[in-house]
file final10.cif (mmCIF, N, CA and C atoms, pLDDT in the B column; chains and numbers go by the auth columns)
data_start
#
loop_
_atom_site.group_PDB
_atom_site.id
_atom_site.type_symbol
_atom_site.label_atom_id
_atom_site.label_comp_id
_atom_site.label_asym_id
_atom_site.label_seq_id
_atom_site.Cartn_x
_atom_site.Cartn_y
_atom_site.Cartn_z
_atom_site.B_iso_or_equiv
_atom_site.auth_seq_id
_atom_site.auth_asym_id
ATOM 1 N N MET A 1 0.859 -1.181 0.000 60.00 1 A
ATOM 2 C CA MET A 1 0.000 0.000 0.000 60.00 1 A
ATOM 3 C C MET A 1 0.900 1.238 0.000 60.00 1 A
ATOM 4 N N ASN A 2 0.591 2.190 -0.884 91.00 2 A
ATOM 5 C CA ASN A 2 1.434 3.386 -0.890 91.00 2 A
ATOM 6 C C ASN A 2 1.058 4.311 0.266 91.00 2 A
ATOM 7 N N LEU A 3 1.913 5.271 0.520 88.00 3 A
ATOM 8 C CA LEU A 3 1.758 6.150 1.673 88.00 3 A
ATOM 9 C C LEU A 3 0.433 6.901 1.659 88.00 3 A
ATOM 10 N N VAL A 4 0.058 7.464 0.523 90.00 4 A
ATOM 11 C CA VAL A 4 -1.195 8.224 0.441 90.00 4 A
ATOM 12 C C VAL A 4 -2.381 7.344 0.811 90.00 4 A
ATOM 13 N N ASN A 5 -2.446 6.164 0.240 91.00 5 A
ATOM 14 C CA ASN A 5 -3.555 5.257 0.554 91.00 5 A
ATOM 15 C C ASN A 5 -3.536 4.836 2.015 91.00 5 A
ATOM 16 N N GLU A 6 -2.354 4.625 2.557 90.00 6 A
ATOM 17 C CA GLU A 6 -2.250 4.228 3.958 90.00 6 A
ATOM 18 C C GLU A 6 -2.750 5.331 4.882 90.00 6 A
ATOM 19 N N VAL A 7 -2.348 6.571 4.607 90.00 7 A
ATOM 20 C CA VAL A 7 -2.800 7.696 5.430 90.00 7 A
ATOM 21 C C VAL A 7 -4.314 7.870 5.302 90.00 7 A
ATOM 22 N N LEU A 8 -4.827 7.814 4.079 90.00 8 A
ATOM 23 C CA LEU A 8 -6.281 7.917 3.877 90.00 8 A
ATOM 24 C C LEU A 8 -7.013 6.826 4.643 90.00 8 A
ATOM 25 N N ALA A 9 -6.514 5.600 4.574 90.00 9 A
ATOM 26 C CA ALA A 9 -7.159 4.477 5.271 90.00 9 A
ATOM 27 C C ALA A 9 -7.173 4.715 6.784 90.00 9 A
ATOM 28 N N ASN A 10 -6.083 5.249 7.313 88.00 10 A
ATOM 29 C CA ASN A 10 -6.042 5.535 8.746 88.00 10 A
ATOM 30 C C ASN A 10 -7.028 6.625 9.126 88.00 10 A
ATOM 31 N N PHE A 11 -7.153 7.648 8.291 90.00 11 A
ATOM 32 C CA PHE A 11 -8.131 8.702 8.561 90.00 11 A
ATOM 33 C C PHE A 11 -9.553 8.162 8.489 90.00 11 A
ATOM 34 N N VAL A 12 -9.823 7.288 7.523 89.00 12 A
ATOM 35 C CA VAL A 12 -11.163 6.701 7.402 89.00 12 A
ATOM 36 C C VAL A 12 -11.519 5.948 8.680 89.00 12 A
ATOM 37 N N LYS A 13 -10.566 5.226 9.242 88.00 13 A
ATOM 38 C CA LYS A 13 -10.815 4.473 10.478 88.00 13 A
ATOM 39 C C LYS A 13 -11.204 5.381 11.624 88.00 13 A
ATOM 40 N N ILE A 14 -10.533 6.527 11.747 85.00 14 A
ATOM 41 C CA ILE A 14 -10.799 7.381 12.901 85.00 14 A
ATOM 42 C C ILE A 14 -11.835 8.470 12.619 85.00 14 A
ATOM 43 N N ALA A 15 -12.240 8.637 11.364 88.00 15 A
ATOM 44 C CA ALA A 15 -13.241 9.657 11.023 88.00 15 A
ATOM 45 C C ALA A 15 -14.661 9.118 11.130 88.00 15 A
ATOM 46 N N LYS A 16 -14.794 7.876 11.479 85.00 16 A
ATOM 47 C CA LYS A 16 -16.095 7.251 11.756 85.00 16 A
ATOM 48 C C LYS A 16 -17.136 7.459 10.669 85.00 16 A
ATOM 49 N N GLY A 17 -16.836 6.941 9.480 86.00 17 A
ATOM 50 C CA GLY A 17 -17.818 6.903 8.413 86.00 17 A
ATOM 51 C C GLY A 17 -17.907 8.133 7.534 86.00 17 A
ATOM 52 N N LYS A 18 -17.154 9.161 7.829 91.00 18 A
ATOM 53 C CA LYS A 18 -17.187 10.352 6.982 91.00 18 A
ATOM 54 C C LYS A 18 -16.316 10.126 5.754 91.00 18 A
ATOM 55 N N GLU A 19 -16.691 10.765 4.654 93.00 19 A
ATOM 56 C CA GLU A 19 -15.905 10.658 3.429 93.00 19 A
ATOM 57 C C GLU A 19 -14.588 11.410 3.617 93.00 19 A
ATOM 58 N N VAL A 20 -13.492 10.737 3.288 94.00 20 A
ATOM 59 C CA VAL A 20 -12.167 11.316 3.474 94.00 20 A
ATOM 60 C C VAL A 20 -11.469 11.433 2.126 94.00 20 A
ATOM 61 N N THR A 21 -11.002 12.644 1.821 94.00 21 A
ATOM 62 C CA THR A 21 -10.200 12.889 0.625 94.00 21 A
ATOM 63 C C THR A 21 -8.943 13.623 1.072 94.00 21 A
ATOM 64 N N LEU A 22 -8.014 13.812 0.154 95.00 22 A
ATOM 65 C CA LEU A 22 -6.803 14.557 0.495 95.00 22 A
ATOM 66 C C LEU A 22 -7.120 15.993 0.898 95.00 22 A
ATOM 67 N N GLU A 23 -8.207 16.542 0.359 96.00 23 A
ATOM 68 C CA GLU A 23 -8.579 17.924 0.658 96.00 23 A
ATOM 69 C C GLU A 23 -9.374 18.060 1.956 96.00 23 A
ATOM 70 N N SER A 24 -9.739 16.962 2.576 95.00 24 A
ATOM 71 C CA SER A 24 -10.544 17.007 3.801 95.00 24 A
ATOM 72 C C SER A 24 -9.818 17.747 4.912 95.00 24 A
ATOM 73 N N ASN A 25 -10.556 18.622 5.579 95.00 25 A
ATOM 74 C CA ASN A 25 -10.045 19.329 6.743 95.00 25 A
ATOM 75 C C ASN A 25 -10.170 18.381 7.939 95.00 25 A
ATOM 76 N N VAL A 26 -9.090 18.200 8.681 91.00 26 A
ATOM 77 C CA VAL A 26 -9.108 17.205 9.752 91.00 26 A
ATOM 78 C C VAL A 26 -10.133 17.549 10.839 91.00 26 A
ATOM 79 N N LYS A 27 -10.331 18.826 11.117 90.00 27 A
ATOM 80 C CA LYS A 27 -11.320 19.205 12.134 90.00 27 A
ATOM 81 C C LYS A 27 -12.733 18.943 11.647 90.00 27 A
ATOM 82 N N GLU A 28 -12.985 19.165 10.351 92.00 28 A
ATOM 83 C CA GLU A 28 -14.302 18.887 9.793 92.00 28 A
ATOM 84 C C GLU A 28 -14.602 17.389 9.794 92.00 28 A
ATOM 85 N N LEU A 29 -13.557 16.578 9.808 92.00 29 A
ATOM 86 C CA LEU A 29 -13.735 15.124 9.905 92.00 29 A
ATOM 87 C C LEU A 29 -14.051 14.695 11.339 92.00 29 A
ATOM 88 N N GLY A 30 -13.981 15.646 12.262 90.00 30 A
ATOM 89 C CA GLY A 30 -14.268 15.348 13.649 90.00 30 A
ATOM 90 C C GLY A 30 -13.057 14.865 14.429 90.00 30 A
ATOM 91 N N LEU A 31 -11.874 15.063 13.878 88.00 31 A
ATOM 92 C CA LEU A 31 -10.658 14.638 14.550 88.00 31 A
ATOM 93 C C LEU A 31 -10.116 15.780 15.392 88.00 31 A
ATOM 94 N N ASP A 32 -9.611 15.431 16.555 84.00 32 A
ATOM 95 C CA ASP A 32 -8.972 16.445 17.381 84.00 32 A
ATOM 96 C C ASP A 32 -7.462 16.271 17.302 84.00 32 A
ATOM 97 N N SER A 33 -6.749 17.124 17.985 81.00 33 A
ATOM 98 C CA SER A 33 -5.290 17.090 17.902 81.00 33 A
ATOM 99 C C SER A 33 -4.723 15.768 18.411 81.00 33 A
ATOM 100 N N LEU A 34 -5.374 15.150 19.371 86.00 34 A
ATOM 101 C CA LEU A 34 -4.911 13.861 19.879 86.00 34 A
ATOM 102 C C LEU A 34 -5.011 12.777 18.813 86.00 34 A
ATOM 103 N N ASP A 35 -6.085 12.815 18.007 87.00 35 A
ATOM 104 C CA ASP A 35 -6.225 11.853 16.906 87.00 35 A
ATOM 105 C C ASP A 35 -5.069 11.994 15.912 87.00 35 A
ATOM 106 N N ILE A 36 -4.709 13.233 15.599 85.00 36 A
ATOM 107 C CA ILE A 36 -3.616 13.487 14.658 85.00 36 A
ATOM 108 C C ILE A 36 -2.293 13.014 15.251 85.00 36 A
ATOM 109 N N VAL A 37 -2.078 13.317 16.519 86.00 37 A
ATOM 110 C CA VAL A 37 -0.843 12.886 17.179 86.00 37 A
ATOM 111 C C VAL A 37 -0.742 11.363 17.168 86.00 37 A
ATOM 112 N N ASP A 38 -1.830 10.684 17.470 88.00 38 A
ATOM 113 C CA ASP A 38 -1.829 9.216 17.455 88.00 38 A
ATOM 114 C C ASP A 38 -1.485 8.683 16.071 88.00 38 A
ATOM 115 N N LEU A 39 -2.090 9.259 15.048 87.00 39 A
ATOM 116 C CA LEU A 39 -1.816 8.817 13.681 87.00 39 A
ATOM 117 C C LEU A 39 -0.350 9.045 13.330 87.00 39 A
ATOM 118 N N LEU A 40 0.174 10.223 13.669 88.00 40 A
ATOM 119 C CA LEU A 40 1.570 10.522 13.352 88.00 40 A
ATOM 120 C C LEU A 40 2.523 9.649 14.156 88.00 40 A
ATOM 121 N N MET A 41 2.171 9.332 15.377 90.00 41 A
ATOM 122 C CA MET A 41 3.020 8.448 16.175 90.00 41 A
ATOM 123 C C MET A 41 3.084 7.057 15.544 90.00 41 A
ATOM 124 N N ASP A 42 1.968 6.605 15.020 89.00 42 A
ATOM 125 C CA ASP A 42 1.969 5.321 14.303 89.00 42 A
ATOM 126 C C ASP A 42 2.893 5.380 13.092 89.00 42 A
ATOM 127 N N MET A 43 2.844 6.489 12.355 88.00 43 A
ATOM 128 C CA MET A 43 3.693 6.649 11.186 88.00 43 A
ATOM 129 C C MET A 43 5.163 6.775 11.588 88.00 43 A
ATOM 130 N N GLU A 44 5.414 7.464 12.705 91.00 44 A
ATOM 131 C CA GLU A 44 6.790 7.577 13.197 91.00 44 A
ATOM 132 C C GLU A 44 7.383 6.204 13.479 91.00 44 A
ATOM 133 N N GLU A 45 6.598 5.397 14.160 93.00 45 A
ATOM 134 C CA GLU A 45 7.058 4.055 14.509 93.00 45 A
ATOM 135 C C GLU A 45 7.263 3.191 13.265 93.00 45 A
ATOM 136 N N LYS A 46 6.313 3.236 12.360 89.00 46 A
ATOM 137 C CA LYS A 46 6.386 2.397 11.169 89.00 46 A
ATOM 138 C C LYS A 46 7.550 2.784 10.257 89.00 46 A
ATOM 139 N N TYR A 47 7.773 4.088 10.064 90.00 47 A
ATOM 140 C CA TYR A 47 8.766 4.563 9.105 90.00 47 A
ATOM 141 C C TYR A 47 10.052 5.082 9.752 90.00 47 A
ATOM 142 N N ASP A 48 10.165 4.961 11.087 93.00 48 A
ATOM 143 C CA ASP A 48 11.350 5.408 11.816 93.00 48 A
ATOM 144 C C ASP A 48 11.663 6.878 11.507 93.00 48 A
ATOM 145 N N ILE A 49 10.641 7.721 11.689 94.00 49 A
ATOM 146 C CA ILE A 49 10.783 9.166 11.512 94.00 49 A
ATOM 147 C C ILE A 49 10.329 9.833 12.803 94.00 49 A
ATOM 148 N N GLU A 50 10.541 11.137 12.911 94.00 50 A
ATOM 149 C CA GLU A 50 10.152 11.838 14.126 94.00 50 A
ATOM 150 C C GLU A 50 9.607 13.227 13.802 94.00 50 A
ATOM 151 N N PHE A 51 8.515 13.587 14.453 92.00 51 A
ATOM 152 C CA PHE A 51 7.894 14.904 14.300 92.00 51 A
ATOM 153 C C PHE A 51 8.063 15.703 15.575 92.00 51 A
ATOM 154 N N GLU A 52 8.318 16.993 15.418 90.00 52 A
ATOM 155 C CA GLU A 52 8.325 17.911 16.558 90.00 52 A
ATOM 156 C C GLU A 52 6.876 18.290 16.854 90.00 52 A
ATOM 157 N N ASN A 53 6.584 18.644 18.088 84.00 53 A
ATOM 158 C CA ASN A 53 5.215 18.998 18.475 84.00 53 A
ATOM 159 C C ASN A 53 4.638 20.117 17.624 84.00 53 A
ATOM 160 N N GLU A 54 5.449 21.140 17.350 85.00 54 A
ATOM 161 C CA GLU A 54 4.934 22.278 16.576 85.00 54 A
ATOM 162 C C GLU A 54 4.617 21.888 15.138 85.00 54 A
ATOM 163 N N GLU A 55 5.274 20.877 14.609 84.00 55 A
ATOM 164 C CA GLU A 55 4.965 20.408 13.261 84.00 55 A
ATOM 165 C C GLU A 55 3.574 19.779 13.212 84.00 55 A
ATOM 166 N N MET A 56 3.195 19.124 14.269 81.00 56 A
ATOM 167 C CA MET A 56 1.905 18.439 14.309 81.00 56 A
ATOM 168 C C MET A 56 0.734 19.407 14.374 81.00 56 A
ATOM 169 N N THR A 57 0.941 20.572 14.945 80.00 57 A
ATOM 170 C CA THR A 57 -0.161 21.520 15.109 80.00 57 A
ATOM 171 C C THR A 57 -0.465 22.306 13.847 80.00 57 A
ATOM 172 N N ASP A 58 0.437 22.279 12.866 84.00 58 A
ATOM 173 C CA ASP A 58 0.241 23.035 11.632 84.00 58 A
ATOM 174 C C ASP A 58 -0.498 22.256 10.546 84.00 58 A
ATOM 175 N N LEU A 59 -0.942 21.063 10.848 90.00 59 A
ATOM 176 C CA LEU A 59 -1.567 20.205 9.843 90.00 59 A
ATOM 177 C C LEU A 59 -3.073 20.452 9.813 90.00 59 A
ATOM 178 N N VAL A 60 -3.566 20.932 8.660 92.00 60 A
ATOM 179 C CA VAL A 60 -4.979 21.304 8.535 92.00 60 A
ATOM 180 C C VAL A 60 -5.754 20.280 7.710 92.00 60 A
ATOM 181 N N THR A 61 -5.159 19.805 6.629 94.00 61 A
ATOM 182 C CA THR A 61 -5.844 18.858 5.750 94.00 61 A
ATOM 183 C C THR A 61 -5.141 17.500 5.774 94.00 61 A
ATOM 184 N N VAL A 62 -5.823 16.512 5.250 94.00 62 A
ATOM 185 C CA VAL A 62 -5.224 15.186 5.120 94.00 62 A
ATOM 186 C C VAL A 62 -3.972 15.279 4.249 94.00 62 A
ATOM 187 N N ASN A 63 -4.032 16.095 3.205 95.00 63 A
ATOM 188 C CA ASN A 63 -2.879 16.274 2.328 95.00 63 A
ATOM 189 C C ASN A 63 -1.690 16.874 3.078 95.00 63 A
ATOM 190 N N ASP A 64 -1.944 17.772 4.032 94.00 64 A
ATOM 191 C CA ASP A 64 -0.861 18.317 4.854 94.00 64 A
ATOM 192 C C ASP A 64 -0.154 17.198 5.613 94.00 64 A
ATOM 193 N N VAL A 65 -0.919 16.257 6.114 92.00 65 A
ATOM 194 C CA VAL A 65 -0.353 15.122 6.842 92.00 65 A
ATOM 195 C C VAL A 65 0.511 14.273 5.909 92.00 65 A
ATOM 196 N N VAL A 66 -0.008 13.983 4.731 93.00 66 A
ATOM 197 C CA VAL A 66 0.736 13.196 3.740 93.00 66 A
ATOM 198 C C VAL A 66 2.047 13.896 3.390 93.00 66 A
ATOM 199 N N LYS A 67 1.981 15.197 3.102 94.00 67 A
ATOM 200 C CA LYS A 67 3.186 15.949 2.735 94.00 67 A
ATOM 201 C C LYS A 67 4.200 15.987 3.869 94.00 67 A
ATOM 202 N N ALA A 68 3.717 16.118 5.103 92.00 68 A
ATOM 203 C CA ALA A 68 4.622 16.141 6.245 92.00 68 A
ATOM 204 C C ALA A 68 5.359 14.809 6.382 92.00 68 A
ATOM 205 N N ILE A 69 4.648 13.723 6.197 92.00 69 A
ATOM 206 C CA ILE A 69 5.269 12.398 6.282 92.00 69 A
ATOM 207 C C ILE A 69 6.254 12.206 5.141 92.00 69 A
ATOM 208 N N GLU A 70 5.830 12.579 3.922 93.00 70 A
ATOM 209 C CA GLU A 70 6.723 12.442 2.761 93.00 70 A
ATOM 210 C C GLU A 70 7.999 13.247 2.946 93.00 70 A
ATOM 211 N N ALA A 71 7.904 14.436 3.514 93.00 71 A
ATOM 212 C CA ALA A 71 9.084 15.272 3.731 93.00 71 A
ATOM 213 C C ALA A 71 10.066 14.603 4.693 93.00 71 A
ATOM 214 N N LYS A 72 9.532 13.918 5.684 92.00 72 A
ATOM 215 C CA LYS A 72 10.387 13.220 6.654 92.00 72 A
ATOM 216 C C LYS A 72 11.063 12.002 6.051 92.00 72 A
ATOM 217 N N LEU A 73 10.443 11.431 5.042 91.00 73 A
ATOM 218 C CA LEU A 73 10.980 10.218 4.431 91.00 73 A
ATOM 219 C C LEU A 73 12.089 10.505 3.410 91.00 73 A
ATOM 220 N N LYS A 74 12.258 11.755 3.040 85.00 74 A
ATOM 221 C CA LYS A 74 13.286 12.111 2.036 85.00 74 A
ATOM 222 C C LYS A 74 14.652 12.208 2.648 85.00 74 A
#
call {"tool": "encode", "arguments": {"input": "final10.cif", "output": "structure tokens"}}
result
Amino acid sequence: MNLVNEVLANFVKIAKGKEVTLESNVKELGLDSLDIVDLLMDMEEKYDIEFENEEMTDLVTVNDVVKAIEAKLK
């Protein structure tokens, strides 16, 4: 599974039935900052990357999350 699909799948799991696209706003999906932190921690563990706290608070859309992860993987 590629990274984009994996991130989308994780958002679908925690968004509880709402339609999720790359343009989806994480708050409109009903996710709070703890949900985002949990998702990023899972990605950190899986891909051996690390996010600073301030990086996590700047993520507004699902695409922002994907781009942040991709940037860490380079």
call {"tool": "resolve_selection", "arguments": {"input": "final10.cif", "expression": "the PyMOL selection byres (((chain A and resi 53 and name CA) around 12) and name CA)", "output": "VMD selection string"}}
result
chain A and resid 33 to 34 36 to 37 40 to 41 50 to 52 54 to 59
call {"tool": "resolve_selection", "arguments": {"input": "final10.cif", "expression": "the PyMOL selection byres (((chain A and resi 17-32 and name CA) around 10) and name CA)", "output": "PyMOL selection string"}}
result
chain A and resi 4-5+7-16+33-37+59-66
call {"tool": "atom_distance", "arguments": {"input": "final10.cif", "atom1": "atom N of Asn2 in chain A", "atom2": "atom N of Asp38 in chain A"}}
result
20.4 Å
call {"tool": "atom_distance", "arguments": {"input": "final10.cif", "atom1": "CA of Met43 in chain A", "atom2": "CA of Lys74 in chain A"}}
result
14.3 Å
call {"tool": "axis_aligned_box", "arguments": {"input": "final10.cif", "around": "range 42-46 of chain A", "padding_each_side": "3 Å", "output": "lines of an AutoDock Vina configuration file"}}
result
center_x = 4.8
center_y = 5.0
center_z = 12.6
size_x = 11.6
size_y = 11.2
size_z = 10.8
call {"tool": "select_by_dssp", "arguments": {"input": "final10.cif", "residues": "chain A", "states": "helix (DSSP H, G or I)", "output": "VMD selection string"}}
result
chain A and resid 3 to 14 33 to 47 53 to 57 62 to 73
